[in-house]
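J.: My structure file query38.cif, mmCIF, C-alpha atoms, is below:
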```cif
data_run
#
loop_
_atom_site.label_atom_id
_atom_site.label_comp_id
_atom_site.auth_asym_id
_atom_site.auth_seq_id
_atom_site.Cartn_x
_atom_site.Cartn_y
_atom_site.Cartn_z
CA MET A 1 -31.09 116.65 27.39
CA SER A 2 -29.91 114.86 24.28
CA GLY A 3 -26.45 115.97 23.06
CA SER A 4 -25.65 117.86 26.30
CA ARG A 5 -22.26 117.52 28.03
CA PRO A 6 -21.89 115.41 31.19
CA ARG A 7 -21.97 117.15 34.59
CA ALA A 8 -18.73 118.56 36.02
CA GLY A 9 -16.52 115.90 37.53
CA THR A 10 -17.74 113.16 35.22
CA TYR A 11 -16.41 112.01 31.86
CA GLY A 12 -18.58 111.19 28.88
CA SER A 13 -17.86 108.65 26.21
CA ARG A 14 -16.52 111.33 23.86
CA GLU A 15 -13.98 112.56 26.42
CA VAL A 16 -12.86 109.01 27.12
CA GLY A 17 -12.69 108.16 23.44
CA GLY A 18 -10.83 111.37 22.67
CA ALA A 19 -8.33 110.68 25.45
CA PHE A 20 -7.70 107.20 24.04
CA VAL A 21 -7.14 108.65 20.57
CA MET A 22 -4.73 111.25 21.97
CA LEU A 23 -2.80 108.53 23.80
CA LEU A 24 -2.61 106.58 20.56
CA GLY A 25 -1.30 109.68 18.78
CA ALA A 26 1.29 110.23 21.51
CA ALA A 27 2.41 106.61 21.15
CA VAL A 28 2.73 107.02 17.38
CA ALA A 29 4.77 110.19 17.79
CA GLY A 30 6.83 108.58 20.56
CA SER A 31 7.76 105.65 18.35
CA GLY A 32 9.81 108.12 16.34
CA LEU A 33 12.06 108.46 19.39
CA VAL A 34 13.07 104.83 18.90
CA PHE A 35 13.11 104.59 15.11
CA ASN A 36 15.38 107.43 14.02
CA PRO A 37 18.96 107.69 12.69
CA LEU A 38 20.49 108.69 16.05
CA VAL A 39 18.92 106.02 18.24
CA GLY A 40 19.22 103.52 15.40
CA ARG A 41 22.98 103.51 15.92
CA LEU A 42 22.44 102.12 19.42
CA TRP A 43 20.62 99.01 18.24
CA GLN A 44 22.05 98.58 14.76
CA GLY A 45 25.60 99.90 15.12
CA VAL A 46 27.38 100.68 11.84
CA TYR A 47 24.53 99.02 9.94
CA ALA A 48 22.33 101.98 10.87
CA VAL A 49 24.16 103.85 8.08
CA ASP A 50 22.39 101.64 5.54
CA LYS A 51 18.99 102.56 7.00
CA ALA A 52 19.53 106.19 7.95
CA ASP A 53 17.18 107.36 5.19
CA VAL A 54 14.31 105.02 6.11
CA LEU A 55 14.78 105.66 9.84
CA LEU A 56 14.54 109.40 9.21
CA SER A 57 11.45 108.83 7.08
CA TYR A 58 9.79 106.83 9.85
CA CYS A 59 10.67 109.47 12.46
CA LEU A 60 9.24 112.36 10.43
CA TRP A 61 6.07 110.50 9.49
CA ALA A 62 5.56 109.33 13.10
CA ALA A 63 5.92 112.89 14.41
CA GLY A 64 3.56 114.33 11.81
CA LEU A 65 0.92 111.61 12.00
CA GLY A 66 1.12 111.39 15.78
CA GLY A 67 0.60 115.14 16.12
CA LEU A 68 -2.35 115.01 13.72
CA ILE A 69 -3.97 112.15 15.64
CA VAL A 70 -3.53 113.98 18.98
CA TRP A 71 -5.11 117.11 17.53
CA LEU A 72 -8.07 115.20 16.09
CA GLY A 73 -8.52 113.30 19.37
CA ASN A 74 -8.70 116.58 21.24
CA ALA A 75 -11.24 117.97 18.75
CA PHE A 76 -13.27 114.77 19.09
CA ALA A 77 -13.31 115.04 22.89
CA ARG A 78 -14.37 118.71 22.86
CA SER A 79 -17.24 118.30 20.40
CA ALA A 80 -20.69 117.81 21.87
CA SER A 81 -21.97 115.55 19.11
CA ARG A 82 -20.92 113.78 15.95
CA GLY A 83 -19.42 116.12 13.38
CA TRP A 84 -16.36 116.84 11.30
CA ALA A 85 -13.95 115.45 13.92
CA ASP A 86 -15.66 112.04 13.77
CA ARG A 87 -15.49 111.94 10.00
CA ALA A 88 -11.86 113.11 9.98
CA LEU A 89 -10.87 110.47 12.55
CA GLY A 90 -12.65 107.75 10.59
CA LEU A 91 -10.60 108.66 7.53
CA VAL A 92 -7.26 109.71 9.03
CA LEU A 93 -6.78 107.05 11.70
CA PRO A 94 -6.75 103.95 9.45
CA LEU A 95 -4.75 105.76 6.77
CA ALA A 96 -2.21 106.98 9.34
CA LEU A 97 -1.74 103.51 10.78
CA LEU A 98 -1.38 102.09 7.25
CA VAL A 99 1.29 104.67 6.38
CA LEU A 100 3.12 104.03 9.63
CA ALA A 101 3.04 100.27 9.00
CA ASP A 102 4.49 100.92 5.56
CA ARG A 103 7.31 103.05 7.04
CA PHE A 104 7.98 100.33 9.63
CA LEU A 105 8.35 97.74 6.86
CA LEU A 106 10.83 100.07 5.17
CA VAL A 107 12.87 100.13 8.38
CA GLU A 108 12.83 96.33 8.33
CA PHE A 109 13.76 95.85 4.66
CA GLY A 110 15.60 99.10 3.91
CA LEU A 111 16.01 100.65 0.48
CA PRO A 112 18.64 99.49 -2.02
CA LEU A 113 21.37 101.68 -3.48
CA TRP A 114 19.22 102.03 -6.58
CA THR A 115 15.91 103.76 -7.16
CA HIS A 116 13.33 103.10 -9.85
CA ASP A 117 13.56 105.04 -13.10
CA PRO A 118 10.87 104.71 -15.80
CA LEU A 119 13.40 105.25 -18.60
CA LEU A 120 16.53 103.47 -17.35
CA HIS A 121 14.91 100.80 -15.12
CA TYR A 122 16.97 102.12 -12.17
CA ARG A 123 19.49 104.75 -11.18
CA HIS A 124 21.71 105.27 -8.17
CA ARG A 125 19.68 106.76 -5.35
CA PRO A 126 20.99 110.36 -5.02
CA GLY A 127 22.43 111.48 -1.71
CA VAL A 128 22.56 108.12 0.08
CA THR A 129 25.35 106.25 1.81
CA ARG A 130 25.56 102.47 2.09
CA THR A 131 28.16 100.35 3.84
CA LEU A 132 30.05 97.51 2.19
CA ALA A 133 28.72 95.15 4.86
CA PRO A 134 27.38 92.71 2.19
CA VAL A 135 31.00 92.01 1.17
CA GLY A 136 32.28 91.86 4.75
CA ARG A 137 33.54 95.44 5.14
CA PRO A 138 30.94 97.38 7.19
CA GLY A 139 33.51 100.10 7.92
CA ASP A 140 33.77 101.08 4.24
CA VAL A 141 30.99 103.02 2.54
CA VAL A 142 29.67 103.88 -0.90
CA SER A 143 28.35 107.43 -1.08
CA ILE A 144 26.20 108.63 -3.97
CA ASN A 145 26.28 112.35 -4.69
CA ARG A 146 23.37 114.59 -5.69
CA HIS A 147 23.93 113.75 -9.36
CA GLY A 148 23.49 110.03 -8.69
CA HIS A 149 27.20 109.26 -9.09
CA HIS A 150 29.56 107.21 -6.92
CA ASP A 151 31.73 110.27 -6.57
CA THR A 152 32.37 113.40 -4.56
CA ASP A 153 30.12 116.38 -5.20
CA TYR A 154 30.89 118.98 -7.87
CA PRO A 155 29.02 121.76 -9.68
CA VAL A 156 27.28 121.14 -12.99
CA GLU A 157 29.06 124.08 -14.57
CA LYS A 158 32.75 123.43 -15.12
CA PRO A 159 34.96 125.93 -13.24
CA ALA A 160 37.47 127.91 -15.28
CA GLY A 161 40.75 126.06 -15.69
CA GLU A 162 39.33 122.66 -14.76
CA PHE A 163 40.05 119.49 -16.75
CA ARG A 164 37.07 117.13 -16.75
CA GLY A 165 36.69 113.52 -17.76
CA LEU A 166 33.48 111.50 -17.92
CA MET A 167 33.49 107.78 -17.12
CA ILE A 168 30.49 105.83 -18.48
CA GLY A 169 30.00 102.15 -17.73
CA ASP A 170 28.69 99.49 -15.40
CA SER A 171 29.79 98.16 -12.00
CA ILE A 172 33.48 97.93 -12.93
CA THR A 173 33.54 101.60 -13.87
CA MET A 174 31.44 102.47 -10.83
CA GLY A 175 33.81 100.59 -8.51
CA ASP A 176 31.71 97.74 -7.18
CA GLN A 177 32.72 96.62 -3.66
CA LEU A 178 35.04 99.61 -3.27
CA PRO A 179 34.86 103.07 -1.67
CA TYR A 180 35.18 105.94 -4.11
CA ALA A 181 38.83 106.67 -3.27
CA ASP A 182 39.82 103.23 -4.61
CA THR A 183 38.18 103.64 -8.04
CA PHE A 184 40.17 104.41 -11.16
CA SER A 185 38.24 107.69 -11.47
CA ALA A 186 39.58 108.91 -8.12
CA GLN A 187 43.05 107.52 -8.76
CA LEU A 188 43.19 109.18 -12.18
CA GLU A 189 42.34 112.50 -10.55
CA GLU A 190 45.33 112.04 -8.24
CA LEU A 191 47.63 111.17 -11.15
CA LEU A 192 46.46 114.20 -13.11
CA ALA A 193 47.03 116.49 -10.12
CA GLN A 194 50.61 115.23 -9.98
CA ARG A 195 51.26 115.31 -13.73
CA ASP A 196 49.19 118.09 -15.28
CA ASP A 197 50.19 121.67 -14.42
CA ALA A 198 48.26 123.18 -17.31
CA HIS A 199 44.94 122.93 -15.46
CA SER A 200 44.13 124.31 -12.03
CA THR A 201 41.80 121.47 -10.99
CA HIS A 202 40.83 118.01 -12.25
CA GLN A 203 37.44 116.29 -12.03
CA ILE A 204 36.95 112.75 -13.32
CA ILE A 205 33.20 112.15 -13.15
CA ASN A 206 32.30 108.56 -12.27
CA ALA A 207 28.91 108.00 -13.94
CA GLY A 208 29.18 104.20 -13.86
CA VAL A 209 26.16 102.28 -12.52
CA HIS A 210 25.94 98.63 -11.48
CA GLY A 211 24.60 96.39 -14.21
CA TYR A 212 24.07 99.01 -16.89
CA ALA A 213 24.01 97.82 -20.49
CA THR A 214 24.98 99.97 -23.44
CA TYR A 215 21.41 101.11 -24.16
CA GLN A 216 21.33 102.64 -20.65
CA GLU A 217 24.84 104.06 -20.99
CA ARG A 218 23.94 105.97 -24.15
CA ILE A 219 21.17 107.73 -22.21
CA VAL A 220 23.58 108.53 -19.38
CA LEU A 221 26.08 109.91 -21.90
CA ARG A 222 23.47 112.15 -23.47
CA GLU A 223 22.43 113.48 -20.06
CA SER A 224 26.02 113.89 -18.83
CA MET A 225 27.25 116.11 -21.63
CA ARG A 226 25.91 119.00 -19.52
CA PHE A 227 29.00 118.56 -17.32
CA GLU A 228 31.17 119.73 -20.27
CA PRO A 229 33.74 116.91 -20.22
CA ASP A 230 37.07 117.31 -22.00
CA PHE A 231 37.05 113.59 -22.81
CA VAL A 232 34.77 110.57 -22.39
CA ALA A 233 35.72 106.97 -21.57
CA ILE A 234 33.25 104.12 -22.13
CA GLY A 235 33.89 101.09 -19.92
CA PHE A 236 32.72 97.86 -21.58
CA CYS A 237 32.41 94.55 -19.77
CA MET A 238 31.48 91.25 -21.43
CA ASN A 239 28.25 90.90 -19.45
CA ASP A 240 26.89 93.77 -21.57
CA LEU A 241 26.36 91.08 -24.19
CA THR A 242 24.30 88.82 -21.96
CA ASP A 243 21.87 91.17 -20.23
CA PRO A 244 18.40 90.17 -21.50
CA SER A 245 17.45 93.82 -21.86
CA VAL A 246 20.17 94.23 -24.51
CA VAL A 247 18.18 92.23 -27.01
CA ARG A 248 14.73 93.06 -25.71
CA ARG A 249 15.65 96.79 -25.69
CA GLY A 250 13.52 97.33 -22.65
CA PHE A 251 12.54 95.78 -19.35
CA GLU A 252 8.77 95.70 -19.01
CA GLY A 253 7.68 92.47 -17.41
CA ALA A 254 11.17 91.40 -16.42
CA ALA A 255 11.53 89.64 -13.07
CA VAL A 256 13.05 91.40 -10.07
CA ASP A 257 16.84 91.37 -10.39
CA TYR A 258 19.64 91.63 -7.84
CA HIS A 259 19.25 95.41 -7.78
CA ARG A 260 15.92 94.78 -6.05
CA VAL A 261 14.11 97.13 -8.42
CA ILE A 262 11.01 95.91 -10.24
CA PRO A 263 10.93 97.49 -13.71
CA THR A 264 7.98 99.43 -15.03
CA SER A 265 7.57 102.47 -17.28
CA ASN A 266 4.87 103.91 -14.97
CA PRO A 267 6.52 106.17 -12.35
CA ILE A 268 3.66 105.85 -9.82
CA HIS A 269 3.60 102.08 -10.18
CA GLY A 270 7.39 102.09 -9.90
CA TYR A 271 7.30 104.07 -6.66
CA LEU A 272 4.69 101.83 -5.06
CA LEU A 273 6.58 98.67 -6.01
CA ASN A 274 10.05 99.84 -5.13
CA ASP A 275 10.05 102.69 -2.62
CA THR A 276 7.32 101.63 -0.18
CA GLY A 277 7.46 99.15 2.66
CA PHE A 278 4.69 96.98 1.25
CA GLY A 279 6.46 97.04 -2.12
CA ARG A 280 9.70 95.88 -0.51
CA LEU A 281 7.77 93.12 1.27
CA SER A 282 6.31 91.91 -2.02
CA GLN A 283 9.79 91.88 -3.55
CA ALA A 284 11.16 89.84 -0.66
CA LEU A 285 8.43 87.28 -1.28
CA LEU A 286 9.09 87.25 -5.04
CA ALA A 287 12.84 86.82 -4.54
CA ARG A 288 12.60 83.78 -2.27
CA GLY A 289 15.02 81.12 -3.45
CA ARG A 290 17.02 83.58 -5.56
CA THR A 291 20.45 84.77 -4.43
CA ARG A 292 23.00 87.22 -5.75
CA ALA A 293 25.51 84.36 -5.93
CA GLY A 294 23.11 82.38 -8.10
CA GLU A 295 22.57 85.35 -10.39
CA ARG A 296 26.33 85.79 -10.73
CA ARG A 297 26.85 82.10 -11.61
CA ASN A 298 24.25 82.32 -14.35
CA GLU A 299 25.80 85.54 -15.64
CA PHE A 300 29.28 83.98 -15.69
CA GLU A 301 28.12 81.03 -17.78
CA GLU A 302 26.34 83.33 -20.22
CA VAL A 303 29.45 85.48 -20.56
CA ARG A 304 31.60 82.42 -21.22
CA ARG A 305 29.19 81.35 -23.97
CA ALA A 306 29.31 84.81 -25.55
CA ALA A 307 33.11 84.87 -25.42
CA THR A 308 33.64 81.45 -26.94
CA SER A 309 30.69 81.35 -29.39
CA PRO A 310 30.43 84.79 -31.00
CA THR A 311 28.61 83.39 -34.04
CA ASP A 312 25.78 81.97 -31.92
CA PRO A 313 22.62 83.68 -33.29
CA GLU A 314 21.62 85.07 -29.91
CA VAL A 315 25.13 86.35 -29.22
CA ALA A 316 25.39 87.84 -32.72
CA ARG A 317 22.06 89.59 -32.21
CA ALA A 318 23.28 91.06 -28.92
CA PHE A 319 26.46 92.26 -30.62
CA GLU A 320 24.36 93.98 -33.27
CA PHE A 321 22.56 96.06 -30.66
CA VAL A 322 25.68 96.71 -28.60
CA LEU A 323 27.65 97.96 -31.60
CA GLN A 324 24.76 100.20 -32.59
CA ASP A 325 24.77 101.72 -29.11
CA LEU A 326 28.53 102.21 -29.14
CA ALA A 327 28.40 103.84 -32.58
CA TRP A 328 25.71 106.21 -31.30
CA MET A 329 27.91 107.14 -28.31
CA TYR A 330 30.93 107.69 -30.55
CA GLU A 331 28.89 109.97 -32.79
CA THR A 332 27.44 111.87 -29.82
CA ALA A 333 30.92 112.66 -28.51
CA ARG A 334 32.14 113.53 -32.01
CA ALA A 335 29.23 115.95 -32.51
CA GLU A 336 30.26 117.73 -29.30
CA GLU A 337 33.92 117.63 -30.39
CA VAL A 338 34.80 115.64 -27.27
CA PRO A 339 37.44 112.88 -27.60
CA ILE A 340 36.17 109.44 -26.63
CA VAL A 341 37.94 106.18 -25.81
CA LEU A 342 36.61 102.65 -25.38
CA MET A 343 37.93 100.65 -22.42
CA ILE A 344 37.46 96.85 -22.53
CA PHE A 345 37.46 95.03 -19.19
CA PRO A 346 38.06 91.26 -19.28
CA PHE A 347 36.64 88.38 -17.30
CA THR A 348 39.34 86.37 -15.57
CA PHE A 349 38.76 83.28 -17.75
CA GLN A 350 39.84 85.35 -20.78
CA LEU A 351 43.35 85.95 -19.45
CA GLN A 352 44.93 82.57 -20.26
CA GLY A 353 44.98 83.00 -24.03
CA ASP A 354 43.19 84.15 -27.18
CA ALA A 355 40.60 81.37 -27.33
CA ALA A 356 37.95 83.37 -25.43
CA ARG A 357 38.80 86.86 -26.71
CA ALA A 358 36.61 87.09 -29.80
CA PRO A 359 34.47 89.88 -28.26
CA GLN A 360 37.58 92.00 -27.74
CA ARG A 361 38.55 91.57 -31.38
CA ILE A 362 35.06 92.52 -32.60
CA LEU A 363 34.97 95.60 -30.38
CA ARG A 364 38.46 96.74 -31.44
CA GLU A 365 37.67 96.36 -35.14
CA HIS A 366 34.39 98.25 -34.77
CA ALA A 367 36.06 101.08 -32.84
CA ALA A 368 38.88 101.29 -35.40
CA ALA A 369 36.33 101.67 -38.19
CA GLN A 370 34.80 104.54 -36.19
CA GLY A 371 38.19 106.15 -35.57
CA VAL A 372 37.95 105.59 -31.81
CA PRO A 373 41.00 104.57 -29.73
CA VAL A 374 40.67 101.45 -27.58
CA LEU A 375 42.19 100.51 -24.24
CA ASP A 376 41.84 96.73 -24.30
CA LEU A 377 42.98 95.84 -20.79
CA THR A 378 42.80 92.09 -21.35
CA GLN A 379 46.46 91.54 -22.18
CA ALA A 380 47.62 94.03 -19.57
CA PHE A 381 45.94 92.04 -16.82
CA ALA A 382 47.01 88.74 -18.41
CA ASP A 383 50.66 89.86 -18.20
CA LEU A 384 50.24 90.91 -14.57
CA VAL A 385 48.39 87.80 -13.37
CA TYR A 386 50.24 85.17 -15.42
CA ASP A 387 53.62 86.79 -14.85
CA ASP A 388 55.46 83.49 -15.47
CA PRO A 389 54.62 82.74 -19.13
CA GLU A 390 56.90 79.69 -19.21
CA LEU A 391 55.05 78.09 -16.30
CA LEU A 392 51.71 78.95 -17.91
CA ALA A 393 52.78 77.36 -21.21
CA LEU A 394 54.06 74.25 -19.42
CA LEU A 395 50.80 73.78 -17.52
CA GLN A 396 48.79 74.23 -20.70
CA ARG A 397 50.94 71.71 -22.60
CA LYS A 398 50.45 69.19 -19.82
CA GLY A 399 46.69 69.54 -20.17
CA TYR A 400 45.90 71.24 -16.85
CA PRO A 401 42.30 72.52 -16.82
CA ALA A 402 41.96 76.29 -17.04
CA GLU A 403 40.29 76.41 -13.63
CA GLN A 404 43.22 74.60 -12.02
CA ILE A 405 45.75 76.90 -13.71
CA GLU A 406 43.80 79.87 -12.37
CA GLN A 407 44.05 78.42 -8.88
CA ILE A 408 47.83 78.00 -9.21
CA PHE A 409 48.11 81.71 -10.09
CA GLY A 410 45.36 82.57 -7.63
CA TRP A 411 47.47 84.75 -5.35
CA ARG A 412 48.28 86.99 -8.32
CA MET A 413 44.68 86.96 -9.50
CA ARG A 414 43.46 88.11 -6.09
CA GLU A 415 45.82 91.06 -6.20
CA TYR A 416 43.91 92.52 -9.16
CA PHE A 417 40.44 90.91 -9.12
CA LEU A 418 37.80 90.71 -6.41
CA ASP A 419 35.88 88.08 -8.37
CA ALA A 420 35.49 87.02 -12.00
CA ASP A 421 35.42 90.59 -13.34
CA HIS A 422 35.44 93.27 -10.64
CA LEU A 423 38.76 94.88 -9.82
CA THR A 424 40.59 95.53 -6.57
CA ARG A 425 42.07 98.93 -5.76
CA THR A 426 45.29 97.68 -7.37
CA GLY A 427 43.37 96.63 -10.47
CA HIS A 428 41.77 100.08 -10.65
CA ALA A 429 45.25 101.60 -10.40
CA VAL A 430 46.21 99.69 -13.57
CA VAL A 431 43.23 101.24 -15.37
CA ALA A 432 44.06 104.74 -14.08
CA GLU A 433 47.65 104.44 -15.34
CA ALA A 434 46.46 103.22 -18.74
CA LEU A 435 43.99 106.10 -19.03
CA LEU A 436 46.68 108.62 -18.09
CA GLU A 437 48.94 107.23 -20.81
CA GLN A 438 46.05 107.47 -23.29
CA LEU A 439 45.46 111.13 -22.37
CA VAL A 440 49.14 111.88 -22.92
CA THR A 441 49.23 109.98 -26.22
CA GLY A 442 46.09 111.76 -27.39
CA GLY A 443 47.61 115.15 -26.58
CA LEU A 444 44.94 116.09 -24.01
CA ILE A 445 47.56 116.66 -21.31
CA GLN A 446 51.29 117.21 -21.49
#
```
How does the structure come out when it is put into structure tokens?

T.:
Amino acid sequence: MSGSRPRAGTYGSREVGGAFVMLLGAAVAGSGLVFNPLVGRLWQGVYAVDKADVLLSYCLWAAGLGGLIVWLGNAFARSASRGWADRALGLVLPLALLVLADRFLLVEFGLPLWTHDPLLHYRHRPGVTRTLAPVGRPGDVVSINRHGHHDTDYPVEKPAGEFRGLMIGDSITMGDQLPYADTFSAQLEELLAQRDDAHSTHQIINAGVHGYATYQERIVLRESMRFEPDFVAIGFCMNDLTDPSVVRRGFEGAAVDYHRVIPTSNPIHGYLLNDTGFGRLSQALLARGRTRAGERRNEFEEVRRAATSPTDPEVARAFEFVLQDLAWMYETARAEEVPIVLMIFPFTFQLQGDAARAPQRILREHAAAQGVPVLDLTQAFADLVYDDPELLALLQRKGYPAEQIEQIFGWRMREYFLDADHLTRTGHAVVAEALLEQLVTGGLIQ
């Protein structure tokens, strides 16, 4: 009879097909036993820390999809004829395998420290930990808290008796290539705990983000006033003048950058491009031939041009936007009656003399007109690195190239700088001490 079940002891095509589907589902679920954060440590070692989030994602999706496939396979085998189970399998099975393939690609490529943001281009990915393996220190980690800050966790509402500072800036403020404890935010907290008895606790919020320009920082400042800071410090680095988005005032259509985040103002598009395995694959293909070192070389040359040619029309235009952003931030802090200070971080090529320090002068004059104190750290680092001014003057008189002079003082440079602009722990200590002195001078602490 058509549609009847096979006799006892025999297996029909539906039972066989259903068994195969159930085995497939079991294999999918079982793959989560291999690709998960715990087992990942066995085959990736310390590098599994960088992929803990994507390994967990794969494991959860594999368990859920595998269980669903097993259940549908069982329903398929038990049904006497074509019905809902057939239609469900026809839809679910290819979609499940596609999703699992996407999660597998994420395990292969991983997710960067940054996540897409339709307003800011990117933010730190909240709640993740990444090792410093890219700079040769896999044992050190960068941990991002729930607020998206390279910092320890803390409540939004300020506890009674707490003194809070808010650090706004880019990778120097954030502490690129360093664990949180080495940043000037963390070191300033320690100094305040030793010096300031008037407050029961101290929290210096590190809201710095790699690569942020001033137009992004003003948004971060506006959002971060909810933390009720007692003072704000804006960290300015010369590459804020050379970021293309400074002049364009946006990022639509920009190429993928070293943050590995493709910009778009559409959140769904942004998720598909940046937080899926197939999106990461497309980015890897787009980025072929481009390296972080190459990006840094280009950035360095652009910064040198901005520092030595401030009247260049493109540089002047960038300054116009940057100063507008800074004025907006000064006014925002003033409206909240929160003291604000501008910190200026130099590039190493600016330390040998005044020839490349025009941006510092422009920033100081603008801040003075706004009534804002400035910590220009250029000369402080120049005095520390070139601690033999007579030797420096002699080499300059003899016509030694600046690059060669920098090499002669290289051992001192390496004590404070990791590269052309980022600071070592010792360099961050210099900033923390300068900020503490500014707080004392400004009467914020005794």

J.: Just give me the gap between atom CA of Asp170 of chain A and atom CA of Ala358 of chain A in Å, one decimal is fine.

T.: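 Atom CA of Ala358 of chain A lies at a distance of 20.6 Å from atom CA of Asp170 of chain A.
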
J.: Determine the residue membership of the PyMOL selection byres ((chain A and resi 178-181) around 12) for the file above and supply it as a PDB file with C-alpha atoms, in the frame of the given file.

T.:
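This went into result_19.pdb:
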```pdb
ATOM      1  CA  THR A 129      25.350 106.250   1.810  1.00  0.00           C
ATOM      2  CA  ARG A 130      25.560 102.470   2.090  1.00  0.00           C
ATOM      3  CA  THR A 131      28.160 100.350   3.840  1.00  0.00           C
ATOM      4  CA  LEU A 132      30.050  97.510   2.190  1.00  0.00           C
ATOM      5  CA  ALA A 133      28.720  95.150   4.860  1.00  0.00           C
ATOM      6  CA  PRO A 134      27.380  92.710   2.190  1.00  0.00           C
ATOM      7  CA  VAL A 135      31.000  92.010   1.170  1.00  0.00           C
ATOM      8  CA  GLY A 136      32.280  91.860   4.750  1.00  0.00           C
ATOM      9  CA  ARG A 137      33.540  95.440   5.140  1.00  0.00           C
ATOM     10  CA  PRO A 138      30.940  97.380   7.190  1.00  0.00           C
ATOM     11  CA  GLY A 139      33.510 100.100   7.920  1.00  0.00           C
ATOM     12  CA  ASP A 140      33.770 101.080   4.240  1.00  0.00           C
ATOM     13  CA  VAL A 141      30.990 103.020   2.540  1.00  0.00           C
ATOM     14  CA  VAL A 142      29.670 103.880  -0.900  1.00  0.00           C
ATOM     15  CA  SER A 143      28.350 107.430  -1.080  1.00  0.00           C
ATOM     16  CA  ILE A 144      26.200 108.630  -3.970  1.00  0.00           C
ATOM     17  CA  ASN A 145      26.280 112.350  -4.690  1.00  0.00           C
ATOM     18  CA  HIS A 149      27.200 109.260  -9.090  1.00  0.00           C
ATOM     19  CA  HIS A 150      29.560 107.210  -6.920  1.00  0.00           C
ATOM     20  CA  ASP A 151      31.730 110.270  -6.570  1.00  0.00           C
ATOM     21  CA  THR A 152      32.370 113.400  -4.560  1.00  0.00           C
ATOM     22  CA  ASP A 153      30.120 116.380  -5.200  1.00  0.00           C
ATOM     23  CA  SER A 171      29.790  98.160 -12.000  1.00  0.00           C
ATOM     24  CA  ILE A 172      33.480  97.930 -12.930  1.00  0.00           C
ATOM     25  CA  THR A 173      33.540 101.600 -13.870  1.00  0.00           C
ATOM     26  CA  MET A 174      31.440 102.470 -10.830  1.00  0.00           C
ATOM     27  CA  GLY A 175      33.810 100.590  -8.510  1.00  0.00           C
ATOM     28  CA  ASP A 176      31.710  97.740  -7.180  1.00  0.00           C
ATOM     29  CA  GLN A 177      32.720  96.620  -3.660  1.00  0.00           C
ATOM     30  CA  ASP A 182      39.820 103.230  -4.610  1.00  0.00           C
ATOM     31  CA  THR A 183      38.180 103.640  -8.040  1.00  0.00           C
ATOM     32  CA  PHE A 184      40.170 104.410 -11.160  1.00  0.00           C
ATOM     33  CA  SER A 185      38.240 107.690 -11.470  1.00  0.00           C
ATOM     34  CA  ALA A 186      39.580 108.910  -8.120  1.00  0.00           C
ATOM     35  CA  GLN A 187      43.050 107.520  -8.760  1.00  0.00           C
ATOM     36  CA  LEU A 188      43.190 109.180 -12.180  1.00  0.00           C
ATOM     37  CA  GLU A 189      42.340 112.500 -10.550  1.00  0.00           C
ATOM     38  CA  GLU A 190      45.330 112.040  -8.240  1.00  0.00           C
ATOM     39  CA  ILE A 204      36.950 112.750 -13.320  1.00  0.00           C
ATOM     40  CA  ILE A 205      33.200 112.150 -13.150  1.00  0.00           C
ATOM     41  CA  ASN A 206      32.300 108.560 -12.270  1.00  0.00           C
ATOM     42  CA  ALA A 207      28.910 108.000 -13.940  1.00  0.00           C
ATOM     43  CA  GLY A 208      29.180 104.200 -13.860  1.00  0.00           C
ATOM     44  CA  PHE A 417      40.440  90.910  -9.120  1.00  0.00           C
ATOM     45  CA  LEU A 418      37.800  90.710  -6.410  1.00  0.00           C
ATOM     46  CA  HIS A 422      35.440  93.270 -10.640  1.00  0.00           C
ATOM     47  CA  LEU A 423      38.760  94.880  -9.820  1.00  0.00           C
ATOM     48  CA  THR A 424      40.590  95.530  -6.570  1.00  0.00           C
ATOM     49  CA  ARG A 425      42.070  98.930  -5.760  1.00  0.00           C
ATOM     50  CA  THR A 426      45.290  97.680  -7.370  1.00  0.00           C
ATOM     51  CA  GLY A 427      43.370  96.630 -10.470  1.00  0.00           C
ATOM     52  CA  HIS A 428      41.770 100.080 -10.650  1.00  0.00           C
ATOM     53  CA  ALA A 429      45.250 101.600 -10.400  1.00  0.00           C
TER      54      ALA A 429
END
```

J.: Taking the file as shown, what set of residues would the PyMOL selection byres ((chain A and resi 68-75) around 12) give back, as a PyMOL selection string?

T.: chain A and resi 14-30+61-67+76-97

J.: Could you please determine the separation between atom CA of Glu108 of chain A and atom CA of Ser57 of chain A in Å, to one decimal place?

T.: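 The value is 12.6 Å.
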
J.: Name the residues in contact with Leu281 of chain A at a cut-off of 12 Å, using all atoms listed in the file, excluding same-chain residues fewer than 6 positions from it; report them as a short mmCIF file (atom, residue, chain, number, x, y, z; two decimals) with C-alpha atoms, in the coordinates of the input.

T.:
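Heads up, here's the output in around-v6.cif:
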```cif
data_model
loop_
_atom_site.label_atom_id
_atom_site.label_comp_id
_atom_site.auth_asym_id
_atom_site.auth_seq_id
_atom_site.Cartn_x
_atom_site.Cartn_y
_atom_site.Cartn_z
CA ALA A 101 3.04 100.27 9.00
CA ASP A 102 4.49 100.92 5.56
CA ARG A 103 7.31 103.05 7.04
CA PHE A 104 7.98 100.33 9.63
CA LEU A 105 8.35 97.74 6.86
CA LEU A 106 10.83 100.07 5.17
CA VAL A 107 12.87 100.13 8.38
CA GLU A 108 12.83 96.33 8.33
CA PHE A 109 13.76 95.85 4.66
CA GLY A 110 15.60 99.10 3.91
CA LEU A 111 16.01 100.65 0.48
CA ARG A 260 15.92 94.78 -6.05
CA LEU A 272 4.69 101.83 -5.06
CA LEU A 273 6.58 98.67 -6.01
CA ASN A 274 10.05 99.84 -5.13
CA ASP A 275 10.05 102.69 -2.62
CA ALA A 287 12.84 86.82 -4.54
CA ARG A 288 12.60 83.78 -2.27
#
```
